[in-house]
Amino acid sequence: MRIISGSLGGLRFTPPKGKFDTRPTTDLAREALFNILDHQYSLKSSRFLDLFGGWGGITFEAVSRGCKDSTVVDRHASCIRFIKDTAQKFKVEEYIHFVQSDVEQFLKYEMTPFDIIFADPPYRWPKLPILPKWIFDNGLLSPGGVLVVEHDAHTYLEHYPEFTHSKKYGHTVFSFFKCPV
(Lines give C-alpha, C1' and ligand atoms only; values in the text may rest on other atoms or scores of the structure.)
Protein backbone atom coordinates (compact mmCIF):
# COMPACT_ATOMS: atom_id res chain seq x y z
CA MET A 1 0.00 0.00 0.00
CA ARG A 2 1.16 3.53 -0.60
CA ILE A 3 0.19 6.91 0.73
CA ILE A 4 -1.02 9.03 -2.18
CA SER A 5 -0.36 12.62 -1.17
CA GLY A 6 0.68 14.98 1.59
CA SER A 7 3.63 14.93 3.96
CA LEU A 8 3.86 11.11 3.79
CA GLY A 9 3.03 10.94 0.07
CA GLY A 10 4.82 8.13 -1.74
CA LEU A 11 5.67 6.16 1.41
CA ARG A 12 4.77 2.49 1.26
CA PHE A 13 3.81 0.00 3.92
CA THR A 14 3.12 -3.69 3.61
CA PRO A 15 0.37 -5.24 5.75
CA PRO A 16 0.83 -8.92 6.60
CA LYS A 17 -0.72 -11.18 3.97
CA GLY A 18 -3.55 -13.57 4.80
CA LYS A 19 -3.86 -12.49 8.42
CA PHE A 20 -7.43 -11.21 8.18
CA ASP A 21 -9.99 -10.88 5.45
CA THR A 22 -9.44 -7.15 5.00
CA ARG A 23 -10.18 -5.28 1.80
CA PRO A 24 -8.04 -2.15 1.59
CA THR A 25 -9.52 0.76 -0.33
CA THR A 26 -7.76 0.92 -3.69
CA ASP A 27 -5.29 3.72 -4.43
CA LEU A 28 -7.61 5.07 -7.14
CA ALA A 29 -10.65 5.17 -4.84
CA ARG A 30 -8.63 6.57 -1.90
CA GLU A 31 -7.18 9.33 -4.08
CA ALA A 32 -10.64 10.26 -5.40
CA LEU A 33 -12.11 10.26 -1.89
CA PHE A 34 -9.43 12.53 -0.48
CA ASN A 35 -9.61 14.88 -3.45
CA ILE A 36 -13.29 15.36 -2.59
CA LEU A 37 -12.61 15.75 1.14
CA ASP A 38 -9.67 18.13 0.55
CA HIS A 39 -11.84 20.43 -1.58
CA GLN A 40 -14.87 20.49 0.71
CA TYR A 41 -13.47 20.15 4.24
CA SER A 42 -10.38 21.24 6.11
CA LEU A 43 -8.62 18.06 7.16
CA LYS A 44 -6.13 20.16 9.12
CA SER A 45 -8.80 21.35 11.55
CA SER A 46 -11.03 18.26 11.51
CA ARG A 47 -11.57 15.44 13.97
CA PHE A 48 -11.41 12.35 11.77
CA LEU A 49 -12.79 8.89 12.58
CA ASP A 50 -11.86 5.77 10.59
CA LEU A 51 -14.23 2.90 11.41
CA PHE A 52 -13.19 -0.63 10.42
CA GLY A 53 -9.63 0.71 10.03
CA GLY A 54 -8.07 -2.50 8.75
CA TRP A 55 -4.40 -1.82 8.06
CA GLY A 56 -4.76 1.97 8.31
CA GLY A 57 -4.59 3.23 4.72
CA ILE A 58 -7.38 5.78 5.20
CA THR A 59 -6.02 6.97 8.56
CA PHE A 60 -2.51 7.47 7.17
CA GLU A 61 -3.87 9.33 4.15
CA ALA A 62 -5.82 11.70 6.45
CA VAL A 63 -2.79 12.33 8.68
CA SER A 64 -0.53 12.78 5.66
CA ARG A 65 -2.88 15.49 4.39
CA GLY A 66 -2.69 17.42 7.65
CA CYS A 67 -5.22 15.87 10.05
CA LYS A 68 -3.87 16.23 13.60
CA ASP A 69 -6.75 14.45 15.39
CA SER A 70 -7.53 11.06 13.88
CA THR A 71 -9.08 8.03 15.56
CA VAL A 72 -8.90 4.56 14.03
CA VAL A 73 -11.13 1.72 15.25
CA ASP A 74 -10.74 -1.97 14.44
CA ARG A 75 -11.67 -5.07 16.40
CA HIS A 76 -8.51 -6.99 15.51
CA ALA A 77 -5.56 -6.46 17.88
CA SER A 78 -3.08 -7.29 15.11
CA CYS A 79 -4.54 -4.56 12.85
CA ILE A 80 -4.29 -1.94 15.60
CA ARG A 81 -0.77 -3.13 16.48
CA PHE A 82 0.25 -2.88 12.82
CA ILE A 83 -1.18 0.66 12.54
CA LYS A 84 0.61 1.71 15.75
CA ASP A 85 3.92 0.26 14.55
CA THR A 86 3.55 1.94 11.15
CA ALA A 87 2.60 5.26 12.79
CA GLN A 88 5.75 5.08 14.92
CA LYS A 89 7.84 4.26 11.85
CA PHE A 90 6.33 7.27 10.03
CA LYS A 91 6.65 9.43 13.20
CA VAL A 92 2.94 10.39 13.24
CA GLU A 93 1.69 8.43 16.26
CA GLU A 94 0.93 11.65 18.16
CA TYR A 95 -1.88 12.42 15.66
CA ILE A 96 -3.66 9.07 15.93
CA HIS A 97 -5.83 7.57 18.66
CA PHE A 98 -5.89 3.78 18.39
CA VAL A 99 -9.00 1.91 19.52
CA GLN A 100 -9.29 -1.85 19.50
CA SER A 101 -13.03 -2.41 19.65
CA ASP A 102 -15.96 -3.84 17.84
CA VAL A 103 -17.43 -0.89 15.92
CA GLU A 104 -20.95 -1.54 17.15
CA GLN A 105 -19.75 -1.33 20.77
CA PHE A 106 -17.57 1.71 20.08
CA LEU A 107 -20.51 3.64 18.61
CA LYS A 108 -22.42 3.27 21.89
CA TYR A 109 -19.90 5.39 23.84
CA GLU A 110 -20.61 9.03 24.42
CA MET A 111 -17.89 11.11 22.79
CA THR A 112 -17.15 14.45 21.21
CA PRO A 113 -18.56 14.46 17.67
CA PHE A 114 -16.26 14.03 14.68
CA ASP A 115 -16.12 16.32 11.63
CA ILE A 116 -15.39 13.52 9.16
CA ILE A 117 -16.29 9.86 9.64
CA PHE A 118 -15.20 7.22 7.19
CA ALA A 119 -16.62 3.70 7.51
CA ASP A 120 -15.48 0.73 5.45
CA PRO A 121 -17.31 -2.28 6.90
CA PRO A 122 -17.17 -5.70 5.28
CA TYR A 123 -19.44 -5.49 2.25
CA ARG A 124 -21.54 -8.38 3.51
CA TRP A 125 -21.76 -7.11 7.11
CA PRO A 126 -25.46 -7.53 7.93
CA LYS A 127 -25.62 -4.28 9.92
CA LEU A 128 -24.13 -2.09 7.16
CA PRO A 129 -27.56 -0.71 6.11
CA ILE A 130 -28.20 0.69 9.62
CA LEU A 131 -24.69 2.05 10.27
CA PRO A 132 -25.60 5.65 9.23
CA LYS A 133 -28.61 5.53 11.59
CA TRP A 134 -26.40 4.55 14.54
CA ILE A 135 -23.98 7.36 13.78
CA PHE A 136 -26.70 10.03 13.47
CA ASP A 137 -28.80 8.72 16.38
CA ASN A 138 -25.76 8.80 18.68
CA GLY A 139 -24.76 12.32 17.63
CA LEU A 140 -21.30 11.24 16.51
CA LEU A 141 -21.09 13.65 13.58
CA SER A 142 -20.66 17.37 14.22
CA PRO A 143 -23.08 19.84 12.57
CA GLY A 144 -22.03 20.26 8.94
CA GLY A 145 -19.81 17.18 9.19
CA VAL A 146 -19.62 14.42 6.61
CA LEU A 147 -20.02 10.66 6.87
CA VAL A 148 -18.64 8.53 4.05
CA VAL A 149 -19.61 4.86 3.89
CA GLU A 150 -17.75 2.57 1.51
CA HIS A 151 -19.82 -0.28 0.12
CA ASP A 152 -20.53 -2.28 -3.02
CA ALA A 153 -23.10 -1.48 -5.70
CA HIS A 154 -25.65 -3.89 -4.17
CA THR A 155 -26.07 -1.80 -1.01
CA TYR A 156 -28.51 1.11 -1.06
CA LEU A 157 -28.30 3.89 1.50
CA GLU A 158 -30.08 6.67 -0.39
CA HIS A 159 -33.20 6.50 1.82
CA TYR A 160 -31.52 8.40 4.67
CA PRO A 161 -32.51 12.07 4.83
CA GLU A 162 -28.84 12.98 5.46
CA PHE A 163 -27.74 11.23 2.24
CA THR A 164 -26.34 13.72 -0.29
CA HIS A 165 -24.78 11.68 -3.11
CA SER A 166 -22.65 8.70 -4.02
CA LYS A 167 -19.59 8.17 -6.20
CA LYS A 168 -18.61 4.91 -7.84
CA TYR A 169 -15.03 3.82 -8.51
CA GLY A 170 -14.90 0.37 -10.07
CA HIS A 171 -16.69 -1.96 -7.67
CA THR A 172 -16.40 0.54 -4.83
CA VAL A 173 -19.16 3.01 -3.96
CA PHE A 174 -18.78 5.90 -1.52
CA SER A 175 -22.08 7.17 -0.08
CA PHE A 176 -21.87 10.67 1.40
CA PHE A 177 -24.06 11.97 4.22
CA LYS A 178 -24.08 15.46 5.72
CA CYS A 179 -25.10 16.30 9.25
CA PRO A 180 -27.59 19.16 9.38
CA VAL A 181 -26.24 22.42 10.80
# chains A, B, ... in the order shown; residues from 1 in each chain; ligands from 1
$ residues_around --residues "His171 of chain A" --least-positions-apart "4" --cutoff "12 Å" --atoms "only C-alpha atoms" --output "VMD selection string"
chain A and resid 23 25 to 26 28 to 29 123 150 to 155 167
$ residues_around --residues "Ser45 of chain A" --least-positions-apart "5" --cutoff "9 Å" --atoms "only C-alpha atoms" --output "list in words"
Gly66, Cys67, Lys68, Asp69 and Asp115 of chain A
$ select_by_dssp --residues "chain A" --states "strand (DSSP E)" --output "MDAnalysis selection string"
chainID A and resid 47:51 69:74 96:100 114:119 141:151 163:169 172:178
$ closest_residue --among "A:Asp120, A:Asp74, A:Glu162, A:Glu61" --to "Val103 of chain A" --atoms "only C-alpha atoms"
A:Asp74
$ residues_around --residues "segment 83-97 of chain A" --least-positions-apart "2" --cutoff "12 Å" --atoms "only C-alpha atoms" --output "JSON list (two decimals) with N, CA and C atoms, in the first residue's frame"
[["chain", "number", "residue", "atom", "x", "y", "z"],
["A", 1, "MET", "N", 0.86, -1.17, 0.00],
["A", 1, "MET", "CA", 0.00, 0.00, 0.00],
["A", 1, "MET", "C", 0.89, 1.23, 0.00],
["A", 3, "ILE", "N", 0.90, 5.69, 0.38],
["A", 3, "ILE", "CA", 0.19, 6.91, 0.73],
["A", 3, "ILE", "C", 0.25, 7.81, -0.50],
["A", 7, "SER", "N", 2.29, 15.01, 3.37],
["A", 7, "SER", "CA", 3.63, 14.93, 3.96],
["A", 7, "SER", "C", 4.23, 13.52, 3.91],
["A", 8, "LEU", "N", 3.39, 12.50, 3.87],
["A", 8, "LEU", "CA", 3.86, 11.11, 3.79],
["A", 8, "LEU", "C", 3.70, 10.55, 2.38],
["A", 9, "GLY", "N", 3.30, 11.39, 1.43],
["A", 9, "GLY", "CA", 3.03, 10.94, 0.07],
["A", 9, "GLY", "C", 4.18, 10.14, -0.52],
["A", 10, "GLY", "N", 3.83, 9.00, -1.11],
["A", 10, "GLY", "CA", 4.82, 8.13, -1.74],
["A", 10, "GLY", "C", 5.36, 7.04, -0.82],
["A", 11, "LEU", "N", 5.19, 7.20, 0.50],
["A", 11, "LEU", "CA", 5.67, 6.16, 1.41],
["A", 11, "LEU", "C", 4.81, 4.91, 1.25],
["A", 12, "ARG", "N", 5.46, 3.77, 1.39],
["A", 12, "ARG", "CA", 4.77, 2.49, 1.26],
["A", 12, "ARG", "C", 4.83, 1.73, 2.57],
["A", 13, "PHE", "N", 3.81, 0.92, 2.79],
["A", 13, "PHE", "CA", 3.81, 0.00, 3.92],
["A", 13, "PHE", "C", 3.15, -1.28, 3.48],
["A", 14, "THR", "N", 3.58, -2.38, 4.07],
["A", 14, "THR", "CA", 3.12, -3.69, 3.61],
["A", 14, "THR", "C", 2.43, -4.43, 4.75],
["A", 15, "PRO", "N", 1.10, -4.48, 4.73],
["A", 15, "PRO", "CA", 0.37, -5.24, 5.75],
["A", 15, "PRO", "C", 0.67, -6.73, 5.60],
["A", 16, "PRO", "N", 0.61, -7.48, 6.69],
["A", 16, "PRO", "CA", 0.83, -8.92, 6.60],
["A", 16, "PRO", "C", -0.23, -9.58, 5.72],
["A", 44, "LYS", "N", -7.06, 19.65, 8.11],
["A", 44, "LYS", "CA", -6.13, 20.16, 9.12],
["A", 44, "LYS", "C", -6.84, 20.53, 10.42],
["A", 46, "SER", "N", -9.93, 19.22, 11.30],
["A", 46, "SER", "CA", -11.03, 18.26, 11.51],
["A", 46, "SER", "C", -10.66, 17.15, 12.49],
["A", 47, "ARG", "N", -11.68, 16.70, 13.22],
["A", 47, "ARG", "CA", -11.57, 15.44, 13.97],
["A", 47, "ARG", "C", -12.03, 14.36, 13.01],
["A", 48, "PHE", "N", -11.18, 13.37, 12.78],
["A", 48, "PHE", "CA", -11.41, 12.35, 11.77],
["A", 48, "PHE", "C", -11.55, 10.99, 12.45],
["A", 49, "LEU", "N", -12.57, 10.23, 12.04],
["A", 49, "LEU", "CA", -12.79, 8.89, 12.58],
["A", 49, "LEU", "C", -12.80, 7.89, 11.44],
["A", 50, "ASP", "N", -11.96, 6.85, 11.57],
["A", 50, "ASP", "CA", -11.86, 5.77, 10.59],
["A", 50, "ASP", "C", -12.39, 4.51, 11.25],
["A", 53, "GLY", "N", -10.90, 0.17, 10.53],
["A", 53, "GLY", "CA", -9.63, 0.71, 10.03],
["A", 53, "GLY", "C", -8.74, -0.24, 9.28],
["A", 54, "GLY", "N", -8.91, -1.55, 9.47],
["A", 54, "GLY", "CA", -8.07, -2.50, 8.75],
["A", 54, "GLY", "C", -6.61, -2.25, 9.00],
["A", 55, "TRP", "N", -5.85, -2.04, 7.93],
["A", 55, "TRP", "CA", -4.40, -1.82, 8.06],
["A", 55, "TRP", "C", -4.04, -0.35, 8.08],
["A", 56, "GLY", "N", -5.02, 0.57, 8.06],
["A", 56, "GLY", "CA", -4.76, 1.97, 8.31],
["A", 56, "GLY", "C", -4.57, 2.88, 7.12],
["A", 57, "GLY", "N", -4.81, 2.41, 5.91],
["A", 57, "GLY", "CA", -4.59, 3.23, 4.72],
["A", 57, "GLY", "C", -5.33, 4.56, 4.75],
["A", 58, "ILE", "N", -6.58, 4.54, 5.15],
["A", 58, "ILE", "CA", -7.38, 5.78, 5.20],
["A", 58, "ILE", "C", -6.85, 6.71, 6.29],
["A", 59, "THR", "N", -6.55, 6.16, 7.45],
["A", 59, "THR", "CA", -6.02, 6.97, 8.56],
["A", 59, "THR", "C", -4.71, 7.64, 8.16],
["A", 60, "PHE", "N", -3.80, 6.89, 7.56],
["A", 60, "PHE", "CA", -2.51, 7.47, 7.17],
["A", 60, "PHE", "C", -2.67, 8.53, 6.09],
["A", 61, "GLU", "N", -3.62, 8.32, 5.19],
["A", 61, "GLU", "CA", -3.87, 9.33, 4.15],
["A", 61, "GLU", "C", -4.39, 10.62, 4.79],
["A", 62, "ALA", "N", -5.28, 10.51, 5.77],
["A", 62, "ALA", "CA", -5.82, 11.70, 6.45],
["A", 62, "ALA", "C", -4.71, 12.44, 7.20],
["A", 63, "VAL", "N", -3.88, 11.71, 7.92],
["A", 63, "VAL", "CA", -2.79, 12.33, 8.68],
["A", 63, "VAL", "C", -1.78, 12.95, 7.72],
["A", 64, "SER", "N", -1.47, 12.26, 6.64],
["A", 64, "SER", "CA", -0.53, 12.78, 5.66],
["A", 64, "SER", "C", -1.00, 14.10, 5.07],
["A", 65, "ARG", "N", -2.32, 14.26, 4.96],
["A", 65, "ARG", "CA", -2.88, 15.49, 4.39],
["A", 65, "ARG", "C", -3.18, 16.55, 5.44],
["A", 66, "GLY", "N", -2.65, 16.36, 6.65],
["A", 66, "GLY", "CA", -2.69, 17.42, 7.65],
["A", 66, "GLY", "C", -3.58, 17.20, 8.85],
["A", 67, "CYS", "N", -4.34, 16.11, 8.91],
["A", 67, "CYS", "CA", -5.22, 15.87, 10.05],
["A", 67, "CYS", "C", -4.38, 15.60, 11.31],
["A", 68, "LYS", "N", -4.63, 16.36, 12.35],
["A", 68, "LYS", "CA", -3.87, 16.23, 13.60],
["A", 68, "LYS", "C", -4.66, 15.51, 14.69],
["A", 69, "ASP", "N", -5.90, 15.10, 14.39],
["A", 69, "ASP", "CA", -6.75, 14.45, 15.39],
["A", 69, "ASP", "C", -7.55, 13.34, 14.70],
["A", 70, "SER", "N", -6.92, 12.19, 14.57],
["A", 70, "SER", "CA", -7.53, 11.06, 13.88],
["A", 70, "SER", "C", -7.69, 9.90, 14.85],
["A", 71, "THR", "N", -8.82, 9.22, 14.76],
["A", 71, "THR", "CA", -9.08, 8.03, 15.56],
["A", 71, "THR", "C", -9.35, 6.88, 14.61],
["A", 72, "VAL", "N", -8.69, 5.76, 14.85],
["A", 72, "VAL", "CA", -8.90, 4.56, 14.03],
["A", 72, "VAL", "C", -9.42, 3.45, 14.94],
["A", 73, "VAL", "N", -10.48, 2.78, 14.47],
["A", 73, "VAL", "CA", -11.13, 1.72, 15.25],
["A", 73, "VAL", "C", -11.12, 0.43, 14.43],
["A", 74, "ASP", "N", -10.65, -0.64, 15.04],
["A", 74, "ASP", "CA", -10.74, -1.97, 14.44],
["A", 74, "ASP", "C", -10.80, -2.98, 15.57],
["A", 76, "HIS", "N", -9.64, -6.07, 15.52],
["A", 76, "HIS", "CA", -8.51, -6.99, 15.51],
["A", 76, "HIS", "C", -7.27, -6.35, 16.14],
["A", 77, "ALA", "N", -6.75, -6.98, 17.20],
["A", 77, "ALA", "CA", -5.56, -6.46, 17.88],
["A", 77, "ALA", "C", -4.38, -6.37, 16.92],
["A", 78, "SER", "N", -4.24, -7.33, 16.02],
["A", 78, "SER", "CA", -3.08, -7.29, 15.11],
["A", 78, "SER", "C", -3.18, -6.13, 14.13],
["A", 79, "CYS", "N", -4.38, -5.74, 13.73],
["A", 79, "CYS", "CA", -4.54, -4.56, 12.85],
["A", 79, "CYS", "C", -4.13, -3.29, 13.60],
["A", 80, "ILE", "N", -4.63, -3.12, 14.81],
["A", 80, "ILE", "CA", -4.29, -1.94, 15.60],
["A", 80, "ILE", "C", -2.79, -1.91, 15.89],
["A", 81, "ARG", "N", -2.21, -3.06, 16.23],
["A", 81, "ARG", "CA", -0.77, -3.13, 16.48],
["A", 81, "ARG", "C", 0.02, -2.73, 15.23],
["A", 99, "VAL", "N", -7.96, 2.54, 18.72],
["A", 99, "VAL", "CA", -9.00, 1.91, 19.52],
["A", 99, "VAL", "C", -9.24, 0.50, 18.99],
["A", 100, "GLN", "N", -8.94, -0.48, 19.85],
["A", 100, "GLN", "CA", -9.29, -1.85, 19.50],
["A", 100, "GLN", "C", -10.66, -2.13, 20.09]]
